[in-house]
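Printed here is protein.cif (mmCIF, C-alpha atoms and all ligand atoms):
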```
data_coords
loop_
_atom_site.label_atom_id
_atom_site.label_comp_id
_atom_site.auth_asym_id
_atom_site.auth_seq_id
_atom_site.Cartn_x
_atom_site.Cartn_y
_atom_site.Cartn_z
CA MET R 1 -126.22 -112.71 106.54
CA ASP R 2 -125.63 -109.20 107.90
CA ILE R 3 -128.47 -107.06 106.50
CA GLN R 4 -125.98 -104.31 105.62
CA HIS R 5 -124.42 -106.57 103.05
CA GLN R 6 -127.53 -107.89 101.37
CA TYR R 7 -128.07 -106.61 97.87
CA VAL R 8 -131.51 -105.29 96.93
CA LEU R 9 -130.33 -104.85 93.36
CA GLN R 10 -127.68 -106.65 91.37
CA VAL R 11 -126.94 -105.74 87.77
CA ALA R 12 -124.47 -107.95 85.90
CA ASP R 13 -123.06 -107.46 82.39
CA LEU R 14 -126.05 -105.37 81.30
CA GLN R 15 -126.34 -104.39 77.64
CA VAL R 16 -129.13 -102.33 76.08
CA HIS R 17 -129.14 -101.71 72.32
CA TYR R 18 -131.46 -99.55 70.23
CA GLY R 19 -131.10 -101.08 66.78
CA HIS R 20 -127.35 -101.09 66.10
CA PHE R 21 -126.66 -98.42 68.76
CA GLN R 22 -125.24 -99.74 72.04
CA ALA R 23 -126.64 -97.36 74.68
CA VAL R 24 -125.51 -99.61 77.58
CA LYS R 25 -122.40 -101.68 76.86
CA THR R 26 -121.06 -103.22 80.05
CA VAL R 27 -122.81 -102.16 83.18
CA ALA R 28 -122.42 -104.02 86.47
CA PHE R 29 -123.13 -102.76 89.98
CA GLY R 30 -125.16 -103.54 93.06
CA VAL R 31 -127.24 -101.56 95.56
CA ARG R 32 -127.14 -102.79 99.17
CA SER R 33 -129.94 -102.69 101.72
CA GLY R 34 -129.66 -99.44 103.62
CA GLU R 35 -127.75 -97.71 100.85
CA ILE R 36 -128.36 -94.69 98.62
CA PHE R 37 -126.53 -95.38 95.36
CA GLY R 38 -126.08 -92.66 92.73
CA LEU R 39 -125.75 -93.26 89.01
CA LEU R 40 -124.04 -90.23 87.51
CA GLY R 41 -123.19 -89.54 83.89
CA PRO R 42 -123.30 -86.84 81.22
CA ASN R 43 -126.37 -86.49 78.95
CA GLY R 44 -126.80 -89.62 76.84
CA ALA R 45 -124.46 -91.75 79.00
CA GLY R 46 -127.02 -94.54 79.48
CA LYS R 47 -128.51 -93.83 82.93
CA THR R 48 -132.19 -93.84 81.96
CA SER R 49 -131.66 -96.88 79.70
CA THR R 50 -130.15 -98.72 82.69
CA LEU R 51 -133.10 -97.72 84.91
CA SER R 52 -135.58 -98.67 82.20
CA ALA R 53 -134.04 -102.15 81.97
CA ILE R 54 -134.32 -102.55 85.76
CA GLU R 55 -137.95 -101.38 85.67
CA GLY R 56 -138.71 -103.85 82.90
CA LEU R 57 -139.58 -101.13 80.39
CA VAL R 58 -136.85 -102.14 77.92
CA ARG R 59 -135.64 -105.67 77.33
CA PRO R 60 -131.87 -105.95 77.83
CA ASN R 61 -129.83 -107.47 75.01
CA ALA R 62 -127.62 -109.21 77.56
CA GLY R 63 -127.02 -109.46 81.30
CA GLN R 64 -128.88 -110.31 84.49
CA ILE R 65 -130.86 -108.05 86.81
CA THR R 66 -131.87 -109.29 90.25
CA VAL R 67 -134.19 -107.30 92.57
CA ALA R 68 -134.49 -108.50 96.18
CA GLY R 69 -133.14 -111.85 95.02
CA TYR R 70 -135.62 -112.20 92.12
CA ASN R 71 -134.32 -112.35 88.56
CA ILE R 72 -136.48 -109.94 86.56
CA ALA R 73 -136.39 -112.18 83.50
CA THR R 74 -137.76 -115.26 85.30
CA HIS R 75 -139.60 -113.77 88.31
CA ALA R 76 -140.84 -110.45 86.94
CA LEU R 77 -143.88 -110.15 89.22
CA GLN R 78 -141.94 -110.72 92.44
CA ALA R 79 -139.13 -108.41 91.28
CA ARG R 80 -141.56 -105.63 90.40
CA ALA R 81 -143.43 -106.00 93.69
CA ALA R 82 -140.13 -105.39 95.50
CA MET R 83 -139.40 -102.13 93.69
CA GLY R 84 -140.92 -98.67 93.73
CA VAL R 85 -140.56 -96.33 90.79
CA GLN R 86 -141.14 -92.60 91.00
CA LEU R 87 -143.62 -91.72 88.28
CA GLN R 88 -143.37 -88.50 86.30
CA ALA R 89 -145.60 -85.64 87.49
CA THR R 90 -147.71 -86.01 84.36
CA SER R 91 -148.63 -89.61 85.28
CA PHE R 92 -151.21 -88.44 87.84
CA GLN R 93 -154.64 -87.08 86.96
CA ALA R 94 -154.67 -83.34 87.68
CA GLU R 95 -158.27 -83.29 88.95
CA LEU R 96 -157.78 -85.96 91.64
CA THR R 97 -157.10 -84.78 95.20
CA ILE R 98 -153.99 -85.88 97.07
CA SER R 99 -155.96 -88.25 99.32
CA GLU R 100 -157.77 -89.74 96.30
CA ILE R 101 -154.42 -90.42 94.61
CA VAL R 102 -153.00 -92.03 97.77
CA ARG R 103 -156.11 -94.21 98.15
CA LEU R 104 -156.08 -95.16 94.45
CA TYR R 105 -152.44 -96.27 94.45
CA GLY R 106 -152.78 -97.88 97.87
CA GLY R 107 -155.56 -99.99 96.32
CA ILE R 108 -153.43 -100.88 93.29
CA TYR R 109 -150.62 -102.06 95.58
CA GLY R 110 -152.99 -103.82 98.00
CA VAL R 111 -152.20 -101.48 100.92
CA THR R 112 -155.12 -100.72 103.26
CA ILE R 113 -155.16 -97.03 104.11
CA SER R 114 -157.23 -96.17 107.19
CA THR R 115 -158.04 -92.55 108.02
CA GLY R 116 -155.32 -92.53 110.66
CA TYR R 117 -152.73 -94.02 108.30
CA MET R 118 -153.65 -91.48 105.59
CA GLN R 119 -153.06 -88.69 108.11
CA GLN R 120 -149.70 -90.20 109.06
CA LEU R 121 -148.63 -90.60 105.42
CA LEU R 122 -149.60 -87.04 104.51
CA GLU R 123 -147.95 -85.63 107.63
CA GLY R 124 -144.78 -87.44 106.53
CA ILE R 125 -144.72 -85.38 103.33
CA GLU R 126 -145.97 -82.21 105.06
CA LEU R 127 -149.22 -82.18 103.09
CA ALA R 128 -151.78 -83.17 105.76
CA ALA R 129 -153.46 -79.76 105.54
CA ALA R 130 -153.69 -80.08 101.74
CA ALA R 131 -155.27 -83.56 101.58
CA GLY R 132 -158.29 -82.23 99.63
CA LYS R 133 -156.24 -80.16 97.18
CA ARG R 134 -156.23 -81.24 93.55
CA TYR R 135 -152.94 -82.56 92.16
CA GLY R 136 -152.97 -80.03 89.31
CA GLN R 137 -152.97 -77.17 91.85
CA LEU R 138 -149.83 -78.34 93.64
CA SER R 139 -146.38 -76.78 93.27
CA GLY R 140 -143.59 -78.79 91.63
CA GLY R 141 -142.14 -79.63 95.04
CA GLN R 142 -145.51 -80.80 96.40
CA GLN R 143 -146.08 -82.96 93.30
CA GLN R 144 -142.65 -84.55 93.76
CA ARG R 145 -143.46 -85.33 97.41
CA VAL R 146 -146.72 -87.00 96.42
CA SER R 147 -145.01 -89.00 93.68
CA LEU R 148 -142.28 -90.23 96.05
CA LEU R 149 -144.96 -91.21 98.59
CA ILE R 150 -146.73 -93.24 95.90
CA ALA R 151 -143.45 -94.89 94.83
CA THR R 152 -142.90 -96.07 98.41
CA ILE R 153 -146.48 -96.79 99.49
CA HIS R 154 -145.90 -100.57 99.39
CA GLN R 155 -142.58 -100.24 101.30
CA PRO R 156 -140.45 -101.62 98.47
CA GLN R 157 -136.95 -102.90 99.15
CA LEU R 158 -135.60 -100.93 96.16
CA VAL R 159 -136.67 -97.40 95.16
CA LEU R 160 -135.68 -96.05 91.72
CA LEU R 161 -135.51 -92.27 91.34
CA ASP R 162 -134.65 -90.68 87.98
CA GLU R 163 -133.48 -87.10 88.57
CA PRO R 164 -136.04 -86.53 91.36
CA THR R 165 -134.87 -83.10 92.48
CA THR R 166 -134.47 -81.36 89.12
CA GLY R 167 -136.15 -77.98 89.25
CA LEU R 168 -136.89 -78.05 93.00
CA ASP R 169 -136.08 -75.22 95.37
CA PRO R 170 -133.49 -75.89 98.14
CA GLN R 171 -136.19 -76.50 100.79
CA SER R 172 -138.03 -79.10 98.68
CA ARG R 173 -134.73 -80.70 97.72
CA ARG R 174 -133.71 -81.05 101.38
CA HIS R 175 -137.09 -82.60 102.16
CA LEU R 176 -136.60 -85.21 99.40
CA TRP R 177 -133.09 -85.95 100.67
CA GLN R 178 -134.56 -86.59 104.12
CA ARG R 179 -137.15 -88.95 102.61
CA MET R 180 -134.37 -90.86 100.86
CA GLU R 181 -132.50 -91.08 104.14
CA GLN R 182 -135.63 -92.49 105.83
CA ILE R 183 -135.80 -95.20 103.15
CA ARG R 184 -132.16 -95.99 103.91
CA GLU R 185 -132.83 -96.09 107.68
CA GLN R 186 -135.62 -98.60 107.09
CA GLY R 187 -133.00 -100.90 105.55
CA ASN R 188 -134.17 -100.44 101.97
CA GLY R 189 -132.09 -99.27 99.01
CA VAL R 190 -132.32 -96.26 96.69
CA LEU R 191 -130.95 -96.03 93.16
CA LEU R 192 -130.83 -92.41 92.12
CA THR R 193 -129.77 -90.66 88.92
CA THR R 194 -128.75 -87.04 89.21
CA HIS R 195 -126.78 -84.35 87.42
CA SER R 196 -126.16 -82.60 90.73
CA MET R 197 -122.75 -83.41 92.16
CA GLU R 198 -123.75 -81.54 95.31
CA GLU R 199 -126.67 -83.92 95.72
CA ALA R 200 -124.50 -86.96 95.08
CA GLU R 201 -122.00 -85.80 97.71
CA ALA R 202 -124.76 -84.93 100.17
CA VAL R 203 -126.82 -88.13 100.10
CA CYS R 204 -125.13 -90.96 98.19
CA ASP R 205 -123.23 -93.64 100.08
CA ARG R 206 -121.67 -94.82 96.83
CA ILE R 207 -121.78 -93.64 93.26
CA ALA R 208 -121.04 -95.06 89.82
CA ILE R 209 -119.96 -92.78 86.99
CA ILE R 210 -121.25 -94.03 83.65
CA ASP R 211 -120.09 -92.72 80.29
CA HIS R 212 -120.78 -93.91 76.75
CA GLY R 213 -122.67 -96.90 78.15
CA SER R 214 -119.93 -98.17 80.49
CA ILE R 215 -119.17 -97.64 84.17
CA ILE R 216 -115.82 -95.92 84.48
CA ALA R 217 -115.65 -95.48 88.27
CA ILE R 218 -117.51 -96.77 91.30
CA ASP R 219 -116.86 -95.92 94.97
CA THR R 220 -117.87 -93.59 97.79
CA PRO R 221 -117.79 -89.89 96.80
CA GLU R 222 -114.99 -89.30 99.34
CA ALA R 223 -112.87 -92.20 98.01
CA LEU R 224 -113.31 -91.05 94.39
CA ILE R 225 -112.13 -87.54 95.29
CA GLU R 226 -109.18 -88.94 97.24
CA LYS R 227 -108.17 -91.34 94.46
CA HIS R 228 -108.29 -88.76 91.67
CA ARG R 229 -107.26 -85.56 93.44
CA HIS R 230 -103.84 -85.51 91.74
CA ASP R 231 -104.95 -86.59 88.24
CA PRO R 232 -103.83 -83.82 85.84
CA ALA R 233 -107.26 -83.88 84.09
CA VAL R 234 -108.98 -83.34 87.44
CA VAL R 235 -106.57 -80.69 88.74
CA SER R 236 -106.85 -78.74 85.46
CA VAL R 237 -110.64 -78.27 85.85
CA SER R 238 -110.65 -77.51 89.58
CA ARG R 239 -111.77 -74.09 90.75
CA LYS R 240 -110.73 -72.08 93.81
CA GLY R 241 -107.99 -74.61 94.60
CA LYS R 242 -110.34 -77.27 96.03
CA ILE R 243 -110.99 -80.66 94.39
CA THR R 244 -114.71 -81.49 94.34
CA LEU R 245 -116.71 -84.46 93.07
CA GLU R 246 -117.67 -82.32 90.06
CA ASP R 247 -113.96 -81.85 89.21
CA VAL R 248 -113.46 -85.62 89.37
CA PHE R 249 -116.58 -86.18 87.24
CA ILE R 250 -115.46 -83.70 84.54
CA GLY R 251 -111.86 -84.92 84.73
CA LEU R 252 -112.99 -88.51 84.09
CA THR R 253 -115.71 -87.82 81.49
CA GLY R 254 -114.09 -84.84 79.71
CA SER R 255 -115.17 -81.22 79.27
CA ALA R 256 -116.89 -81.63 75.90
CA ILE R 257 -120.58 -80.74 75.98
CA ARG R 258 -122.79 -83.72 75.13
CA ALA R 259 -126.07 -83.96 73.30
N1 LIG B 301 -135.66 -95.37 72.40
C1 LIG B 301 -134.46 -95.03 71.95
N2 LIG B 301 -134.11 -95.25 70.67
C2 LIG B 301 -132.88 -94.92 70.20
N3 LIG B 301 -131.91 -94.37 70.95
C3 LIG B 301 -132.20 -94.14 72.24
C4 LIG B 301 -133.48 -94.45 72.80
N4 LIG B 301 -133.46 -94.09 74.13
C5 LIG B 301 -132.23 -93.59 74.35
N5 LIG B 301 -131.48 -93.59 73.23
C6 LIG B 301 -130.09 -93.16 73.11
O1 LIG B 301 -129.33 -93.94 74.00
C7 LIG B 301 -128.31 -93.16 74.63
C8 LIG B 301 -128.48 -93.24 76.14
O2 LIG B 301 -129.67 -92.55 76.49
P1 LIG B 301 -130.17 -92.46 78.01
O3 LIG B 301 -131.48 -91.74 77.97
O4 LIG B 301 -130.11 -93.78 78.62
O5 LIG B 301 -129.05 -91.52 78.62
P2 LIG B 301 -129.03 -90.72 80.01
O6 LIG B 301 -127.70 -90.98 80.61
O7 LIG B 301 -130.23 -91.02 80.80
O8 LIG B 301 -129.09 -89.21 79.49
P3 LIG B 301 -129.77 -87.89 80.13
O9 LIG B 301 -128.86 -87.46 81.23
O10 LIG B 301 -129.74 -86.93 78.98
O11 LIG B 301 -131.15 -88.23 80.58
C9 LIG B 301 -128.45 -91.74 74.06
O12 LIG B 301 -127.53 -91.61 72.99
C10 LIG B 301 -129.88 -91.71 73.55
O13 LIG B 301 -130.00 -90.82 72.46
#
```
Would you write out, as structure tokens, the structure that this file holds?
Ligand SMILES: Nc1ncnc2c1ncn2[C@@H]1O[C@H](COP(=O)(O)OP(=O)(O)OP(=O)(O)O)[C@@H](O)[C@H]1O
Amino acid sequence: MDIQHQYVLQVADLQVHYGHFQAVKTVAFGVRSGEIFGLLGPNGAGKTSTLSAIEGLVRPNAGQITVAGYNIATHALQARAAMGVQLQATSFQAELTISEIVRLYGGIYGVTISTGYMQQLLEGIELAAAAGKRYGQLSGGQQQRVSLLIATIHQPQLVLLDEPTTGLDPQSRRHLWQRMEQIREQGNGVLLTTHSMEEAEAVCDRIAIIDHGSIIAIDTPEALIEKHRHDPAVVSVSRKGKITLEDVFIGLTGSAIRA
């Protein structure tokens, strides 16, 4: 099979309920090898619940999730070994140095990290000169770079990123975009949630818009803009006479402020 058309993630008929509340109703999509896929939706749409089901943190009420060909319900260990999840900044101990954290997580994932490889890894996130710096002393952008390095230290086929660039300055954001693009070039897949339409347009090959627990559109950013550019709901929210992905997003999900 052509590697471009292999799926590193397949989600079929996913449902996640919290008690009687259906947070995810009917979600189906796939992420291909060598693809950055964006999951976009207003607050409370069901993005994190979908990611949590893929990560195995919540048990779905229905549906199948397959990572690198492994069904997470029947082959959880293999599925988890094939995915990398970006941990929250607070997951790392503030007093550990960057190199200690890299060595610790390398050990957990069974990756041998020689001195030369450590140097290479830290150069890749522009932190080679700060190897001995404690995590708690790092800026938000530096912490994000370390946490993305840890998420990818075992070269997973699928990387899950939940709003990774929130709060970052433009330089740090560009750096993270480049890292995502490197993951794509290596033939692996990225599933990203974001509230930034600029980010989705800049890095995502395809996006799905999720609202009230269901996917309402799925395509490339360019195709979504093209398809909806004459919708009255989209035209009515456009600014400066140009239709953007944000106009399409608001046109499809409505202008009402969510939770
Ligand atoms: N543990 C939980 N128990 C009950 N309801 C929950 C729980 N987690 C999430 N919800 C609800 O499920 C819905 C979907 O939440 P989710 O966090 O998946 O949305 P989201 O799209 O990630 O939102 P945001 O953009 O705000 O992060 C929301 O209405 C939320 O309040």
query: Contacts of region 250-259 of chain R at 12 Å or less, counting all atoms listed in the file, minus same-chain residues fewer than 2 places along, as a VMD selection string?
result: chain R and resid 40 to 45 195 197 208 to 218 224 to 225 227 to 238 243 to 248
field: Between CA of Val146 (chain R) and CA of Ile108 (chain R) - distance in Å to one decimal
entry: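 Straight-line distance from CA of Ile108 (chain R) to CA of Val146 (chain R) works out to 15.7 Å.
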query: Which polymer residues have any atom within 8 Å of an atom of His154 (chain R), counting only C-alpha atoms, with same-chain residues fewer than 6 positions away left out, as a PyMOL selection string?
result: chain R and resi 84+106+109-111
- prompt: So how far away is CA of Thr152 (chain R) from CA of Lys47 (chain R), in Å?
  reply: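 Between these atoms lies a distance of 21.3 Å.
One finds CA of Gln155 (chain R) at 18.7 Å from CA of Glu126 (chain R).
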message: When you count all atoms listed in the file, which of these residues is closest to ligand LIG 301 (chain B): R:Ala94, R:Ile36, R:Val24, R:Leu9?
response: R:Val24
- request: Considering all atoms listed in the file, state which residue in the set R:Val58, R:Ile65, R:Ile150, R:Ala129 is at the smallest distance from Phe92 (chain R).
  value: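 So, comparing all the options, the nearest one is R:Ile150.
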message: With 8 Å as the threshold, what does the neighbourhood of (-120.8, -104.9, 86.4) contain in terms of residues, counting all atoms listed in the file? Coordinates are those of the file; answer as a ChimeraX atom specification.
response: /R:11-14,26-29,215
field: From R:Ala81, R:Arg184, R:Thr112, R:Glu100, residue lying nearest Ala151 (chain R) [all atoms listed in the file]
entry: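 Checking each candidate against Ala151 (chain R), we get R:Ala81 as the closest.
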message: Please list as a VMD selection string every residue within 7 Å of Ile207 (chain R), counting only C-alpha atoms and excluding residues in the same chain fewer than 3 positions away.
response: chain R and resid 37 to 39 204 218 to 221
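Counting all atoms listed in the file and comparing R:Gly46, R:Gly124, R:Gly34, R:Gly19, the residue that lies closest to ligand LIG 301 (chain B) is R:Gly46.
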- request: Select, from R:Met83, R:Leu168, R:Ala23, R:Ala62, the residue with the minimum atom-to-atom distance to Gly140 (chain R), counting all atoms listed in the file.
  value: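 Counting all atoms listed in the file, the residue closest to Gly140 (chain R) is R:Leu168.
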message: Calculated over all atoms listed in the file, which of the candidates R:Thr115, R:Ser33, R:Gln88, R:Ser172 has the smallest distance to Val159 (chain R)?
response: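 The closest residue to Val159 (chain R) is R:Ser33.
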query: Near Met180 (chain R), within 12 Å and counting all atoms listed in the file, which residues show up once chain neighbours fewer than 5 positions away are dropped, as a PyMOL selection string?
result: chain R and resi 34-38+125+145+148-149+151-152+158-161+164-165+173-175+185-192+199+202-205
- request: Could you give me, as a list of chain:residue names, the residues within 8 Å of region 67-74 of chain R, counting all atoms listed in the file and dropping anything in the same chain fewer than 3 positions from it?
  value: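 Those residues are R:Tyr7, R:Val8, R:Leu9, R:Gln10, R:Ile54, R:Gly56, R:Gln64, R:Leu77, R:Gln78, R:Ala79, R:Arg80, R:Ala82, R:Met83, R:Gln157, R:Leu158.
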Mind filling out region 232-246 of chain R with N, CA and C atoms and sending it as a PDB file, keeping the file's coordinate frame?
```
ATOM      1  N   PRO R 232    -103.947 -85.112  86.540  1.00  0.00           N
ATOM      2  CA  PRO R 232    -103.830 -83.820  85.840  1.00  0.00           C
ATOM      3  C   PRO R 232    -105.154 -83.347  85.254  1.00  0.00           C
ATOM      4  N   ALA R 233    -105.984 -84.278  84.710  1.00  0.00           N
ATOM      5  CA  ALA R 233    -107.260 -83.880  84.090  1.00  0.00           C
ATOM      6  C   ALA R 233    -108.213 -83.316  85.131  1.00  0.00           C
ATOM      7  N   VAL R 234    -108.109 -83.809  86.358  1.00  0.00           N
ATOM      8  CA  VAL R 234    -108.980 -83.340  87.440  1.00  0.00           C
ATOM      9  C   VAL R 234    -108.469 -82.001  87.968  1.00  0.00           C
ATOM     10  N   VAL R 235    -107.163 -81.926  88.208  1.00  0.00           N
ATOM     11  CA  VAL R 235    -106.570 -80.690  88.740  1.00  0.00           C
ATOM     12  C   VAL R 235    -106.812 -79.532  87.769  1.00  0.00           C
ATOM     13  N   SER R 236    -106.729 -79.818  86.450  1.00  0.00           N
ATOM     14  CA  SER R 236    -106.850 -78.740  85.460  1.00  0.00           C
ATOM     15  C   SER R 236    -108.258 -78.128  85.419  1.00  0.00           C
ATOM     16  N   VAL R 237    -109.281 -78.852  85.878  1.00  0.00           N
ATOM     17  CA  VAL R 237    -110.640 -78.270  85.850  1.00  0.00           C
ATOM     18  C   VAL R 237    -111.098 -77.772  87.222  1.00  0.00           C
ATOM     19  N   SER R 238    -110.228 -77.914  88.231  1.00  0.00           N
ATOM     20  CA  SER R 238    -110.650 -77.510  89.580  1.00  0.00           C
ATOM     21  C   SER R 238    -110.722 -75.992  89.681  1.00  0.00           C
ATOM     22  N   ARG R 239    -111.577 -75.532  90.571  1.00  0.00           N
ATOM     23  CA  ARG R 239    -111.770 -74.090  90.750  1.00  0.00           C
ATOM     24  C   ARG R 239    -111.511 -73.752  92.209  1.00  0.00           C
ATOM     25  N   LYS R 240    -110.988 -72.575  92.451  1.00  0.00           N
ATOM     26  CA  LYS R 240    -110.730 -72.080  93.810  1.00  0.00           C
ATOM     27  C   LYS R 240    -109.847 -73.023  94.620  1.00  0.00           C
ATOM     28  N   GLY R 241    -109.000 -73.803  93.921  1.00  0.00           N
ATOM     29  CA  GLY R 241    -107.990 -74.610  94.600  1.00  0.00           C
ATOM     30  C   GLY R 241    -108.499 -75.783  95.410  1.00  0.00           C
ATOM     31  N   LYS R 242    -109.789 -76.167  95.244  1.00  0.00           N
ATOM     32  CA  LYS R 242    -110.340 -77.270  96.030  1.00  0.00           C
ATOM     33  C   LYS R 242    -110.865 -78.320  95.053  1.00  0.00           C
ATOM     34  N   ILE R 243    -110.518 -79.597  95.287  1.00  0.00           N
ATOM     35  CA  ILE R 243    -110.990 -80.660  94.390  1.00  0.00           C
ATOM     36  C   ILE R 243    -112.362 -81.146  94.873  1.00  0.00           C
ATOM     37  N   THR R 244    -113.357 -81.058  93.985  1.00  0.00           N
ATOM     38  CA  THR R 244    -114.710 -81.490  94.340  1.00  0.00           C
ATOM     39  C   THR R 244    -115.075 -82.727  93.508  1.00  0.00           C
ATOM     40  N   LEU R 245    -116.231 -83.316  93.844  1.00  0.00           N
ATOM     41  CA  LEU R 245    -116.710 -84.460  93.070  1.00  0.00           C
ATOM     42  C   LEU R 245    -116.963 -84.042  91.619  1.00  0.00           C
ATOM     43  N   GLU R 246    -117.420 -82.792  91.424  1.00  0.00           N
ATOM     44  CA  GLU R 246    -117.670 -82.320  90.060  1.00  0.00           C
ATOM     45  C   GLU R 246    -116.364 -82.266  89.253  1.00  0.00           C
TER      46      GLU R 246
END
```
